[in-house]
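Asks: My structure is in structure-v3.cif, and what it holds is mmCIF, C-alpha atoms:
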```cif
data_run
loop_
_atom_site.label_atom_id
_atom_site.label_comp_id
_atom_site.auth_asym_id
_atom_site.auth_seq_id
_atom_site.Cartn_x
_atom_site.Cartn_y
_atom_site.Cartn_z
CA SER A 4 -14.74 -48.56 38.03
CA GLN A 5 -15.07 -49.63 34.45
CA THR A 6 -14.01 -53.23 33.92
CA ILE A 7 -13.67 -55.46 30.89
CA HIS A 8 -14.08 -59.19 31.31
CA GLN A 9 -12.77 -61.60 28.70
CA TRP A 10 -12.88 -65.37 28.86
CA PRO A 11 -11.39 -67.78 28.59
CA ALA A 12 -7.84 -66.59 29.17
CA THR A 13 -6.37 -69.37 27.05
CA LEU A 14 -7.93 -71.74 24.56
CA VAL A 15 -6.66 -74.57 22.39
CA GLN A 16 -8.97 -75.61 19.57
CA PRO A 17 -8.58 -78.00 16.62
CA VAL A 18 -8.80 -76.78 13.05
CA GLY A 19 -12.38 -76.78 11.83
CA SER A 20 -13.93 -76.39 15.26
CA PRO A 21 -16.22 -73.47 16.18
CA LEU A 22 -15.20 -70.54 18.34
CA SER A 23 -17.01 -68.23 20.71
CA LEU A 24 -15.15 -65.61 22.75
CA GLU A 25 -17.10 -63.37 25.04
CA CYS A 26 -16.38 -59.89 26.28
CA THR A 27 -18.50 -58.05 28.82
CA VAL A 28 -18.09 -54.53 30.11
CA GLU A 29 -19.08 -53.14 33.49
CA GLY A 30 -19.60 -49.62 34.73
CA THR A 31 -20.48 -47.84 31.51
CA SER A 32 -23.44 -47.53 29.18
CA ASN A 33 -23.39 -47.51 25.39
CA PRO A 34 -19.66 -48.01 25.01
CA ASN A 35 -17.92 -48.43 21.67
CA LEU A 36 -16.57 -51.98 21.69
CA TYR A 37 -13.71 -53.44 19.69
CA TRP A 38 -12.11 -56.80 18.89
CA TYR A 39 -8.41 -56.82 18.05
CA ARG A 40 -6.11 -59.71 17.19
CA GLN A 41 -2.39 -59.83 17.75
CA ALA A 42 -0.37 -62.52 16.00
CA ALA A 43 2.96 -63.55 17.53
CA GLY A 44 5.52 -60.74 17.21
CA ARG A 45 3.16 -58.39 15.42
CA GLY A 46 1.09 -55.31 16.17
CA LEU A 47 -2.63 -55.19 16.92
CA GLN A 48 -5.03 -55.75 14.05
CA LEU A 49 -8.52 -54.30 14.34
CA LEU A 50 -11.11 -56.95 13.49
CA PHE A 51 -14.50 -55.52 14.43
CA TYR A 52 -16.00 -52.57 16.20
CA SER A 53 -19.49 -51.80 17.43
CA VAL A 54 -21.11 -48.49 18.30
CA GLY A 55 -24.31 -50.03 19.64
CA ILE A 56 -26.49 -53.12 20.01
CA GLY A 57 -26.65 -55.06 16.75
CA GLN A 58 -24.27 -52.65 15.00
CA ILE A 59 -21.08 -54.32 13.80
CA SER A 60 -18.40 -53.01 11.44
CA SER A 61 -15.83 -55.38 10.03
CA GLU A 62 -12.35 -54.21 9.22
CA VAL A 63 -10.82 -57.37 7.78
CA PRO A 64 -12.66 -59.99 5.66
CA GLN A 65 -12.13 -63.41 7.19
CA ASN A 66 -13.95 -66.38 8.66
CA LEU A 67 -14.65 -64.58 11.93
CA SER A 68 -17.83 -62.76 12.87
CA ALA A 69 -18.93 -60.58 15.76
CA SER A 70 -22.21 -59.87 17.46
CA ARG A 71 -23.43 -57.48 20.11
CA PRO A 72 -26.61 -58.93 21.59
CA GLN A 73 -26.58 -56.60 24.60
CA ASP A 74 -25.19 -53.15 25.28
CA ARG A 75 -22.31 -54.45 27.35
CA GLN A 76 -21.67 -57.77 25.58
CA PHE A 77 -19.51 -58.33 22.52
CA ILE A 78 -18.97 -61.81 21.08
CA LEU A 79 -16.40 -63.02 18.57
CA SER A 80 -17.27 -66.22 16.71
CA SER A 81 -16.18 -68.58 14.02
CA LYS A 82 -17.93 -71.57 12.49
CA LYS A 83 -14.69 -73.27 11.45
CA LEU A 84 -11.31 -72.24 12.79
CA LEU A 85 -8.21 -72.06 10.61
CA LEU A 86 -4.60 -72.40 11.73
CA SER A 87 -4.14 -68.74 10.85
CA ASP A 88 -6.74 -67.78 13.46
CA SER A 89 -4.24 -68.45 16.23
CA GLY A 90 -3.35 -65.33 18.15
CA PHE A 91 -4.05 -63.10 21.10
CA TYR A 92 -7.60 -61.71 20.98
CA LEU A 93 -8.28 -58.49 22.79
CA CYS A 94 -11.55 -56.77 23.56
CA ALA A 95 -11.51 -53.03 24.14
CA ARG A 96 -14.00 -50.31 24.96
CA ARG A 97 -14.21 -46.57 24.52
CA THR A 98 -16.81 -44.33 26.12
CA GLY A 99 -16.60 -41.16 24.05
CA ASP A 100 -15.14 -39.50 21.00
CA ASN A 101 -11.89 -38.39 22.58
CA SER A 102 -11.63 -40.96 25.33
CA PRO A 103 -8.86 -43.59 25.21
CA LEU A 104 -9.28 -47.28 24.53
CA HIS A 105 -9.22 -49.58 27.51
CA PHE A 106 -8.40 -53.23 26.93
CA GLY A 107 -9.27 -56.49 28.59
CA ASN A 108 -6.64 -59.07 29.48
CA GLY A 109 -7.16 -61.01 26.28
CA THR A 110 -7.66 -64.60 25.19
CA ARG A 111 -4.72 -66.52 23.79
CA LEU A 112 -6.07 -68.87 21.12
CA THR A 113 -4.03 -71.71 19.67
CA VAL A 114 -5.50 -73.57 16.73
CA THR A 115 -3.91 -76.99 16.26
CA ASP B 27 -6.15 -42.02 10.71
CA ALA B 28 -2.64 -40.69 10.21
CA LYS B 29 0.21 -43.19 10.13
CA THR B 30 2.86 -43.20 12.84
CA THR B 31 6.51 -44.22 12.75
CA GLN B 32 8.40 -45.41 15.81
CA PRO B 33 11.82 -46.97 16.33
CA THR B 34 11.70 -50.73 16.61
CA SER B 35 13.56 -50.89 19.91
CA MET B 36 15.27 -48.78 22.56
CA ASP B 37 17.26 -49.38 25.72
CA CYS B 38 17.19 -47.25 28.85
CA ALA B 39 19.13 -47.52 32.10
CA GLU B 40 17.05 -48.04 35.22
CA GLY B 41 16.37 -44.75 37.00
CA ARG B 42 17.04 -42.64 33.92
CA ALA B 43 14.45 -40.92 31.77
CA ALA B 44 13.16 -42.90 28.81
CA ASN B 45 12.32 -40.75 25.80
CA LEU B 46 10.28 -42.55 23.15
CA PRO B 47 9.81 -40.70 19.85
CA CYS B 48 6.95 -40.95 17.39
CA ASN B 49 6.61 -39.34 13.98
CA HIS B 50 3.14 -38.53 12.68
CA SER B 51 3.87 -36.11 9.86
CA THR B 52 0.46 -36.54 8.20
CA ILE B 53 -1.54 -35.78 11.33
CA SER B 54 -4.57 -33.58 10.76
CA GLY B 55 -5.86 -30.80 12.94
CA ASN B 56 -8.45 -32.80 14.89
CA GLU B 57 -6.36 -35.92 15.49
CA TYR B 58 -5.17 -36.73 18.99
CA VAL B 59 -1.94 -38.53 19.82
CA TYR B 60 -2.38 -41.53 22.12
CA TRP B 61 0.23 -43.68 23.82
CA TYR B 62 -0.26 -47.20 25.07
CA ARG B 63 2.07 -49.89 26.31
CA GLN B 64 1.85 -53.65 26.34
CA ILE B 65 3.66 -55.89 28.74
CA HIS B 66 4.11 -59.42 27.49
CA SER B 67 0.94 -61.53 27.54
CA GLN B 68 -1.25 -58.67 28.76
CA GLY B 69 -3.67 -56.30 27.09
CA PRO B 70 -2.35 -52.85 26.14
CA GLN B 71 -2.50 -50.22 28.87
CA TYR B 72 -3.46 -46.63 28.18
CA ILE B 73 -0.77 -44.14 29.20
CA ILE B 74 -1.57 -40.62 28.03
CA HIS B 75 -2.98 -38.60 25.15
CA GLY B 76 -2.94 -35.04 23.87
CA LEU B 77 -3.96 -32.77 21.01
CA LYS B 78 -1.37 -29.99 20.88
CA ASN B 79 -0.44 -29.01 24.41
CA ASN B 80 2.06 -30.97 26.43
CA GLU B 81 0.44 -33.31 28.93
CA THR B 82 1.57 -34.93 32.15
CA ASN B 83 0.02 -37.53 34.40
CA GLU B 84 1.20 -39.91 37.07
CA MET B 85 2.68 -42.28 34.52
CA ALA B 86 4.37 -40.09 31.93
CA SER B 87 4.70 -36.81 30.08
CA LEU B 88 3.78 -36.22 26.45
CA ILE B 89 5.61 -33.57 24.47
CA ILE B 90 4.06 -32.63 21.12
CA THR B 91 6.03 -30.43 18.72
CA GLU B 92 4.53 -27.13 17.69
CA ASP B 93 3.84 -28.37 14.15
CA ARG B 94 2.36 -31.56 15.68
CA LYS B 95 4.30 -33.75 13.31
CA SER B 96 6.05 -35.61 16.07
CA SER B 97 5.79 -36.33 19.77
CA THR B 98 7.84 -37.82 22.58
CA LEU B 99 6.67 -39.92 25.47
CA ILE B 100 8.80 -39.40 28.55
CA LEU B 101 9.00 -41.85 31.43
CA PRO B 102 10.88 -39.70 33.95
CA HIS B 103 12.48 -42.45 36.04
CA ALA B 104 12.32 -45.75 34.21
CA THR B 105 12.01 -48.93 36.26
CA LEU B 106 12.35 -52.56 35.22
CA ARG B 107 8.56 -52.79 35.21
CA ASP B 108 8.47 -50.24 32.38
CA THR B 109 9.97 -52.80 30.01
CA ALA B 110 7.23 -53.17 27.41
CA VAL B 111 6.20 -52.40 23.83
CA TYR B 112 5.04 -48.80 23.51
CA TYR B 113 2.51 -47.84 20.85
CA CYS B 114 1.86 -44.36 19.52
CA ILE B 115 -1.35 -43.87 17.54
CA VAL B 116 -3.19 -40.85 16.23
CA ARG B 117 -6.92 -40.65 16.04
CA GLY B 118 -9.49 -38.04 15.18
CA SER B 119 -12.92 -37.48 16.64
CA GLY B 120 -16.30 -38.24 15.13
CA ALA B 121 -17.35 -41.16 12.99
CA GLY B 122 -13.91 -41.68 11.44
CA SER B 123 -12.33 -42.19 14.80
CA TYR B 124 -13.77 -45.65 15.30
CA GLN B 125 -10.96 -47.17 13.29
CA LEU B 126 -7.98 -47.32 15.61
CA THR B 127 -4.86 -48.77 14.08
CA PHE B 128 -1.83 -49.92 16.02
CA GLY B 129 1.60 -50.38 14.42
CA LYS B 130 4.41 -52.55 15.76
CA GLY B 131 5.47 -50.04 18.42
CA THR B 132 8.80 -49.57 20.18
CA LYS B 133 10.15 -52.33 22.40
CA LEU B 134 11.65 -50.55 25.41
CA SER B 135 14.10 -52.53 27.49
CA VAL B 136 14.99 -51.04 30.87
CA ILE B 137 18.40 -52.29 31.91
CA PRO B 138 19.48 -52.64 35.56
#
```
Can the structure from this file be put into structure tokens for me?

Replies:
Amino acid sequence: SQTIHQWPATLVQPVGSPLSLECTVEGTSNPNLYWYRQAAGRGLQLLFYSVGIGQISSEVPQNLSASRPQDRQFILSSKKLLLSDSGFYLCARRTGDNSPLHFGNGTRLTVT
Amino acid sequence: DAKTTQPTSMDCAEGRAANLPCNHSTISGNEYVYWYRQIHSQGPQYIIHGLKNNETNEMASLIITEDRKSSTLILPHATLRDTAVYYCIVRGSGAGSYQLTFGKGTKLSVIP
């Protein structure tokens, strides 16, 4: 089966601290990978997507960045968190043009 | 990707069919309609997708109008566990399909 691992499940970080969220995918090669953010009571906002190793496209300018060091690994980072970075961060994968997105269980980030 | 419009919320009695509408009047010929749902504090779950023919799987049925400008997701016998936010999105194939945008969805409440 194809599985998406995200960790940690919850995270509380102070303003100005760095961030690193990791997503790994099992059971598929060369997936398209995505990072979404969901603020409280709102829909999903696409942050980054990647079609291959080292290839990152950014959808929203902000203080976050993404990297894909390996085929099945997608990392979301920040050097200095802002209060507005709080939210539910979701990693997703897609294996082909017309295949659906499949999501991980997410990381709930609270910046204090 | 074409924009979708969904009602903010709906109620459905347990055991009855839940019919969730989605308008996508600007859909283009190669764009698929996808449905997802999100139960509180979890990642979205893929339900079903289609291009122009009606589709059915173990979770739901998808009815797409002949002009493809709207669709309806049908949960044939709603249970309390179907209470969730349901998202309808449209997406094409090829390079432009990497950008997948979710709106605010429909909050479905299944009532005992």

Asks: B:His75, B:His50, B:Arg63, B:Arg94: which is nearest chain A, counting all atoms listed in the file?

Replies: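 Of B:His75, B:His50, B:Arg63, B:Arg94, the one nearest chain A, counting all atoms listed in the file, is B:His75.
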
Asks: Please expand the PyMOL selection byres ((chain B) within 12 of (chain A)) into the concrete residues it hits in this file, giving the result as a PyMOL selection string.

Replies: chain B and resi 34+56-77+111-133

Asks: Give me, as a ChimeraX atom specification, all polymer residues having an atom no more than 12 Å from Glu29 (chain A), counting only C-alpha atoms and skipping those fewer than 6 positions away in the same chain.

Replies: /A:4-9,74-76,96,98,107

Asks: What is the distance between CA of Pro21 (chain A) and CA of Leu84 (chain A), in Å to one decimal?

Replies: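 Those two atoms sit 6.1 Å apart.
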
Asks: Do you know which residues lie at most 9 Å from (2.8, -29.4, 20.6), with coordinates as in the file and all atoms listed in the file counted, and could you write them as a ChimeraX atom specification?

Replies: /B:76-80,89-97

Asks: Just the number, please: distance in Å from CA of Trp38 (chain A) to CA of Val114 (chain A), one decimal.

Replies: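 Between these atoms lies a distance of 18.2 Å.
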
Asks: Please compute the CA of Ser135 (chain B)-CA of Cys38 (chain B) distance, one decimal, in Å.

Replies: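 The value is 6.3 Å.
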